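See below for input35.cif, which holds mmCIF, C-alpha atoms.
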```
data_coords
#
loop_
_atom_site.group_PDB
_atom_site.id
_atom_site.type_symbol
_atom_site.label_atom_id
_atom_site.label_comp_id
_atom_site.auth_asym_id
_atom_site.auth_seq_id
_atom_site.Cartn_x
_atom_site.Cartn_y
_atom_site.Cartn_z
ATOM 1 C CA SER A 36 -0.313 51.459 -2.736
ATOM 2 C CA GLY A 37 2.116 50.527 0.024
ATOM 3 C CA VAL A 38 2.452 46.908 -1.109
ATOM 4 C CA ASP A 39 5.898 45.493 -1.925
ATOM 5 C CA ILE A 40 5.622 42.082 -3.606
ATOM 6 C CA ARG A 41 8.714 39.856 -3.713
ATOM 7 C CA LEU A 42 8.274 36.663 -5.736
ATOM 8 C CA GLY A 43 10.767 33.802 -5.468
ATOM 9 C CA THR A 44 12.064 35.086 -2.138
ATOM 10 C CA GLU A 45 13.048 32.545 0.506
ATOM 11 C CA VAL A 46 12.191 33.529 4.082
ATOM 12 C CA VAL A 47 14.679 32.157 6.593
ATOM 13 C CA GLU A 48 13.568 33.815 9.818
ATOM 14 C CA ILE A 49 10.409 35.276 11.299
ATOM 15 C CA ASP A 50 10.523 37.257 14.536
ATOM 16 C CA PRO A 51 6.997 37.580 15.968
ATOM 17 C CA LYS A 52 8.045 39.907 18.810
ATOM 18 C CA GLY A 53 10.051 42.315 16.658
ATOM 19 C CA LYS A 54 7.632 41.768 13.771
ATOM 20 C CA PHE A 55 10.217 41.337 11.087
ATOM 21 C CA VAL A 56 11.001 38.836 8.357
ATOM 22 C CA LYS A 57 14.510 38.018 7.146
ATOM 23 C CA THR A 58 15.172 36.596 3.680
ATOM 24 C CA ALA A 59 17.954 34.310 2.462
ATOM 25 C CA ALA A 60 19.420 37.313 0.629
ATOM 26 C CA GLY A 61 19.781 39.078 3.997
ATOM 27 C CA ASN A 62 16.957 41.589 3.510
ATOM 28 C CA ILE A 63 14.962 42.423 6.617
ATOM 29 C CA PHE A 64 11.356 43.569 6.326
ATOM 30 C CA GLN A 65 9.781 45.277 9.339
ATOM 31 C CA ALA A 66 5.988 45.230 9.664
ATOM 32 C CA GLN A 67 3.094 45.977 11.974
ATOM 33 C CA ALA A 68 1.942 42.388 11.513
ATOM 34 C CA VAL A 69 3.332 39.281 9.838
ATOM 35 C CA ILE A 70 0.927 36.925 8.084
ATOM 36 C CA LEU A 71 2.256 33.564 6.974
ATOM 37 C CA ALA A 72 0.237 32.192 4.045
ATOM 38 C CA SER A 73 2.412 29.283 2.987
ATOM 39 C CA GLY A 74 -0.377 26.949 1.894
ATOM 40 C CA VAL A 75 -0.769 23.267 2.603
ATOM 41 C CA ARG A 76 0.674 19.957 1.477
ATOM 42 C CA ARG A 77 -0.859 16.528 1.305
ATOM 43 C CA ARG A 78 -0.491 14.521 4.470
ATOM 44 C CA SER A 79 1.621 11.415 4.055
ATOM 45 C CA LEU A 80 1.036 7.970 5.514
ATOM 46 C CA ASN A 81 4.498 7.817 7.115
ATOM 47 C CA ILE A 82 4.726 4.065 6.640
ATOM 48 C CA PRO A 83 7.487 1.817 5.305
ATOM 49 C CA GLY A 84 7.540 1.758 1.513
ATOM 50 C CA GLU A 85 5.780 5.076 0.928
ATOM 51 C CA THR A 86 8.944 7.036 0.163
ATOM 52 C CA GLU A 87 10.818 4.100 -1.355
ATOM 53 C CA PHE A 88 8.098 3.496 -3.969
ATOM 54 C CA ALA A 89 7.338 7.138 -4.780
ATOM 55 C CA GLY A 90 7.056 7.269 -8.564
ATOM 56 C CA ARG A 91 7.211 3.462 -8.682
ATOM 57 C CA GLY A 92 3.651 2.680 -7.780
ATOM 58 C CA VAL A 93 2.993 5.313 -5.128
ATOM 59 C CA ILE A 94 1.337 8.029 -7.180
ATOM 60 C CA GLU A 95 0.641 11.687 -6.438
ATOM 61 C CA SER A 96 -2.549 12.298 -8.405
ATOM 62 C CA GLY A 97 -5.319 10.100 -9.711
ATOM 63 C CA SER A 98 -6.368 12.590 -12.365
ATOM 64 C CA LYS A 99 -2.852 13.352 -13.618
ATOM 65 C CA GLU A 100 -1.631 9.746 -13.501
ATOM 66 C CA ARG A 101 -4.830 7.968 -14.528
ATOM 67 C CA GLU A 102 -3.236 6.331 -17.591
ATOM 68 C CA LEU A 103 -0.912 4.449 -15.224
ATOM 69 C CA ALA A 104 -3.994 2.810 -13.724
ATOM 70 C CA ARG A 105 -5.156 1.254 -16.996
ATOM 71 C CA GLY A 106 -5.870 -2.417 -16.236
ATOM 72 C CA LYS A 107 -4.195 -2.172 -12.802
ATOM 73 C CA THR A 108 -5.283 -2.677 -9.197
ATOM 74 C CA VAL A 109 -5.231 0.529 -7.165
ATOM 75 C CA ALA A 110 -5.410 1.184 -3.421
ATOM 76 C CA ILE A 111 -6.701 4.600 -2.423
ATOM 77 C CA ILE A 112 -6.250 5.392 1.243
ATOM 78 C CA GLY A 113 -8.669 7.915 2.746
ATOM 79 C CA GLY A 114 -12.330 8.587 3.325
ATOM 80 C CA GLY A 115 -12.964 12.165 2.300
ATOM 81 C CA ASP A 116 -14.059 13.822 -0.924
ATOM 82 C CA ALA A 117 -10.596 13.601 -2.512
ATOM 83 C CA ALA A 118 -10.295 9.848 -1.916
ATOM 84 C CA LEU A 119 -13.731 9.032 -3.316
ATOM 85 C CA GLU A 120 -13.402 11.467 -6.219
ATOM 86 C CA ASN A 121 -10.108 9.819 -7.204
ATOM 87 C CA ALA A 122 -11.785 6.404 -6.993
ATOM 88 C CA ILE A 123 -14.444 7.613 -9.442
ATOM 89 C CA ILE A 124 -11.843 9.096 -11.810
ATOM 90 C CA LEU A 125 -9.623 6.011 -11.750
ATOM 91 C CA SER A 126 -12.528 3.574 -12.080
ATOM 92 C CA GLU A 127 -12.637 4.382 -15.797
ATOM 93 C CA TYR A 128 -9.106 2.992 -16.155
ATOM 94 C CA ALA A 129 -8.354 0.547 -13.346
ATOM 95 C CA ALA A 130 -9.369 -3.101 -13.246
ATOM 96 C CA LYS A 131 -9.950 -2.914 -9.454
ATOM 97 C CA ILE A 132 -9.901 -0.159 -6.834
ATOM 98 C CA TYR A 133 -9.794 -0.596 -3.070
ATOM 99 C CA VAL A 134 -10.776 2.467 -1.023
ATOM 100 C CA ILE A 135 -9.286 1.852 2.403
ATOM 101 C CA HIS A 136 -10.513 3.929 5.321
ATOM 102 C CA ARG A 137 -9.670 3.751 9.011
ATOM 103 C CA ARG A 138 -13.230 4.442 10.143
ATOM 104 C CA ASN A 139 -16.504 2.609 9.490
ATOM 105 C CA SER A 140 -18.004 5.371 7.334
ATOM 106 C CA PHE A 141 -16.779 8.036 4.947
ATOM 107 C CA SER A 142 -16.687 11.769 5.548
ATOM 108 C CA ALA A 143 -17.011 12.351 1.782
ATOM 109 C CA ARG A 144 -20.139 13.862 0.273
ATOM 110 C CA ASP A 145 -22.934 11.383 -0.392
ATOM 111 C CA GLU A 146 -22.801 11.893 -4.160
ATOM 112 C CA PHE A 147 -19.153 10.758 -4.246
ATOM 113 C CA VAL A 148 -19.828 7.767 -1.985
ATOM 114 C CA ASP A 149 -22.913 6.759 -3.988
ATOM 115 C CA ALA A 150 -21.126 7.058 -7.340
ATOM 116 C CA ALA A 151 -18.159 4.992 -6.120
ATOM 117 C CA ALA A 152 -20.426 2.391 -4.494
ATOM 118 C CA ALA A 153 -22.417 1.983 -7.708
ATOM 119 C CA ASN A 154 -19.231 1.285 -9.646
ATOM 120 C CA GLY A 155 -18.435 -2.420 -9.871
ATOM 121 C CA THR A 156 -14.699 -1.686 -9.936
ATOM 122 C CA VAL A 157 -14.598 -0.065 -6.482
ATOM 123 C CA GLU A 158 -14.515 -2.007 -3.203
ATOM 124 C CA PHE A 159 -14.659 -0.322 0.207
ATOM 125 C CA VAL A 160 -12.448 -1.583 3.039
ATOM 126 C CA PHE A 161 -13.544 -0.024 6.345
ATOM 127 C CA ASN A 162 -11.885 0.012 9.785
ATOM 128 C CA ALA A 163 -8.518 -0.645 8.191
ATOM 129 C CA GLU A 164 -5.079 0.951 8.101
ATOM 130 C CA VAL A 165 -2.267 0.365 5.656
ATOM 131 C CA ASP A 166 0.889 -0.452 7.620
ATOM 132 C CA ARG A 167 3.340 -1.102 4.768
ATOM 133 C CA ILE A 168 3.768 -0.767 1.029
ATOM 134 C CA SER A 169 5.982 -3.438 -0.511
ATOM 135 C CA GLY A 170 7.246 -4.595 -3.858
ATOM 136 C CA HIS A 171 10.190 -5.583 -5.996
ATOM 137 C CA GLY A 172 11.194 -2.483 -7.937
ATOM 138 C CA TRP A 173 7.514 -1.500 -8.204
ATOM 139 C CA VAL A 174 4.626 -1.656 -5.722
ATOM 140 C CA ASP A 175 3.059 -5.101 -5.646
ATOM 141 C CA ALA A 176 1.268 -5.230 -2.277
ATOM 142 C CA ILE A 177 0.091 -3.436 0.827
ATOM 143 C CA ASP A 178 -0.167 -4.789 4.351
ATOM 144 C CA VAL A 179 -3.543 -3.911 5.853
ATOM 145 C CA ARG A 180 -4.500 -4.132 9.507
ATOM 146 C CA ASP A 181 -8.149 -4.568 10.474
ATOM 147 C CA ARG A 182 -8.665 -2.110 13.342
ATOM 148 C CA SER A 183 -11.574 -4.130 14.775
ATOM 149 C CA THR A 184 -9.761 -7.457 15.092
ATOM 150 C CA ASN A 185 -6.141 -6.221 14.860
ATOM 151 C CA SER A 186 -5.557 -8.950 12.263
ATOM 152 C CA ASN A 187 -3.303 -8.355 9.264
ATOM 153 C CA HIS A 188 -3.659 -9.332 5.646
ATOM 154 C CA THR A 189 -1.967 -8.476 2.366
ATOM 155 C CA ILE A 190 -3.687 -7.060 -0.697
ATOM 156 C CA SER A 191 -1.986 -7.259 -4.088
ATOM 157 C CA VAL A 192 -1.982 -3.836 -5.743
ATOM 158 C CA ASP A 193 -0.057 -2.058 -8.501
ATOM 159 C CA LEU A 194 -0.652 1.557 -7.441
ATOM 160 C CA VAL A 195 -1.191 3.360 -4.138
ATOM 161 C CA LEU A 196 -2.682 6.829 -3.713
ATOM 162 C CA ALA A 197 -2.957 8.460 -0.275
ATOM 163 C CA ARG A 198 -5.714 11.023 0.208
ATOM 164 C CA ILE A 199 -5.763 11.498 3.977
ATOM 165 C CA GLY A 200 -6.036 15.271 4.170
ATOM 166 C CA VAL A 201 -3.626 18.163 4.214
ATOM 167 C CA GLU A 202 -1.401 19.897 6.726
ATOM 168 C CA PRO A 203 -0.064 23.453 6.815
ATOM 169 C CA ASN A 204 3.365 24.340 5.428
ATOM 170 C CA SER A 205 4.272 26.022 8.692
ATOM 171 C CA GLY A 206 7.596 24.325 9.443
ATOM 172 C CA LEU A 207 9.421 27.650 9.465
ATOM 173 C CA ILE A 208 7.528 28.815 12.532
ATOM 174 C CA GLN A 209 6.703 25.575 14.365
ATOM 175 C CA GLU A 210 9.308 26.288 17.040
ATOM 176 C CA LEU A 211 7.620 29.643 17.662
ATOM 177 C CA ALA A 212 4.107 28.180 17.956
ATOM 178 C CA GLY A 213 3.855 28.568 21.708
ATOM 179 C CA SER A 214 5.881 31.737 22.148
ATOM 180 C CA GLY A 215 4.506 34.638 24.074
ATOM 181 C CA PRO A 216 1.776 34.501 26.691
ATOM 182 C CA ASN A 217 0.015 37.407 24.992
ATOM 183 C CA GLY A 218 -0.424 35.640 21.719
ATOM 184 C CA ASP A 219 2.614 37.090 19.969
ATOM 185 C CA LEU A 220 2.286 34.315 17.421
ATOM 186 C CA GLN A 221 -1.062 33.058 16.297
ATOM 187 C CA LEU A 222 -1.258 30.069 13.971
ATOM 188 C CA ASP A 223 -4.539 30.099 12.092
ATOM 189 C CA GLN A 224 -4.330 26.874 10.088
ATOM 190 C CA ASN A 225 -7.697 27.143 8.327
#
```

Write-out of the structure in structure tokens:
Amino acid sequence: SGVDIRLGTEVVEIDPKGKFVKTAAGNIFQAQAVILASGVRRRSLNIPGETEFAGRGVIESGSKERELARGKTVAIIGGGDAALENAIILSEYAAKIYVIHRRNSFSARDEFVDAAAANGTVEFVFNAEVDRISGHGWVDAIDVRDRSTNSNHTISVDLVLARIGVEPNSGLIQELAGSGPNGDLQLDQN
């Protein structure tokens, strides 16, 4: 069939001009074209406290970690389908959920927004950004900045879940992104 599949192989170099891929084991694969399909990862907030409280109040998944939310106050940051869907899932467990979004309306589908809005546990916080996650061994608060007034306030929370989109796992070729005037390297990040 002409297809050679190598699972568990680490690629360490991609040459778009020579059209070859080099693996950590030293194997070189020549091709007519190289397609990088490395998937995506969740975008992070890149704020103080996010890394420090990972696994100690900053959670990765509302559906997988929903039992942690039982009786707790949760902040979900984001405005798309994933943020609102997680708010709906966690509303069955949490005492209170804040959905914090930097704009004044959600990009999520209406059915998710309507279901979250109808839930007495969920409160929407628009035009706001979380600037810091803090706590003492475990998350106990977030610092929120109102984008309209630039004023800051603190919200007491037990859990934080960021759902602000995804970004491509294209670190291996980022330095090549602009190479070649004839489009030697094309990054299709859809």

>> Applying the PyMOL selection byres ((chain A and resi 105) around 10) to the file I just gave you, which residues come out? Please list them as a list in words.
In response: Glu100, Arg101, Glu102, Leu103, Ala104, Gly106, Lys107, Thr108, Val109, Leu125, Ser126, Glu127, Tyr128, Ala129, Ala130 and Lys131 of chain A

>> Applying 10 Å and only C-alpha atoms, which residues near Glu87 in chain A remain after dropping the ones on its own chain fewer than 4 positions away? List them as a PyMOL selection string.
In response: chain A and resi 83+91-93+168-170+172-174

> Quick one: which residues end up in the PyMOL selection byres ((chain A and resi 183) around 10) for this structure, as number ranges by chain?
Replying inline: A: 137-139, 161-163, 180-182, 184-186

> Written as a VMD selection string, what is the full residue list that the PyMOL selection byres ((chain A and resi 69) around 9) yields on the file shown?
Replying inline: chain A and resid 49 to 51 54 to 56 65 to 68 70 to 71

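Between CA of Pro203 in chain A and CA of Ser79 in chain A lies a distance of 12.5 Å.
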
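Using all atoms listed in the file, the contacts of range 59-63 of chain A at a cut-off of 7 Å, with sequence neighbours closer than 5 positions omitted, comprise Glu45, Val46 and Val47 of chain A.
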
Could you write out that same residue set with C-alpha atoms as a tab-separated table (two decimals), in the frame of the given file?
```tsv
chain	number	residue	atom	x	y	z
A	45	GLU	CA	13.05	32.54	0.51
A	46	VAL	CA	12.19	33.53	4.08
A	47	VAL	CA	14.68	32.16	6.59
```

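When only C-alpha atoms are used to measure the gap to Leu80 in chain A, the shortest distance among A:Val38, A:Ala122, A:Ile112, A:Ala153 belongs to A:Ile112.
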
> Which polymer residues have any atom within 9 Å of an atom of Ala117 in chain A, counting only C-alpha atoms, with same-chain residues fewer than 4 positions away left out, as a ChimeraX atom specification?
Replying inline: /A:113,121-122,143,198-200

Resulting file, chosen residues, C-alpha atoms, as a PDB file, keeping the file's coordinate frame:
```
ATOM      1  CA  GLY A 113      -8.669   7.915   2.746  1.00  0.00           C
ATOM      2  CA  ASN A 121     -10.108   9.819  -7.204  1.00  0.00           C
ATOM      3  CA  ALA A 122     -11.785   6.404  -6.993  1.00  0.00           C
ATOM      4  CA  ALA A 143     -17.011  12.351   1.782  1.00  0.00           C
ATOM      5  CA  ARG A 198      -5.714  11.023   0.208  1.00  0.00           C
ATOM      6  CA  ILE A 199      -5.763  11.498   3.977  1.00  0.00           C
ATOM      7  CA  GLY A 200      -6.036  15.271   4.170  1.00  0.00           C
TER       8      GLY A 200
END
```
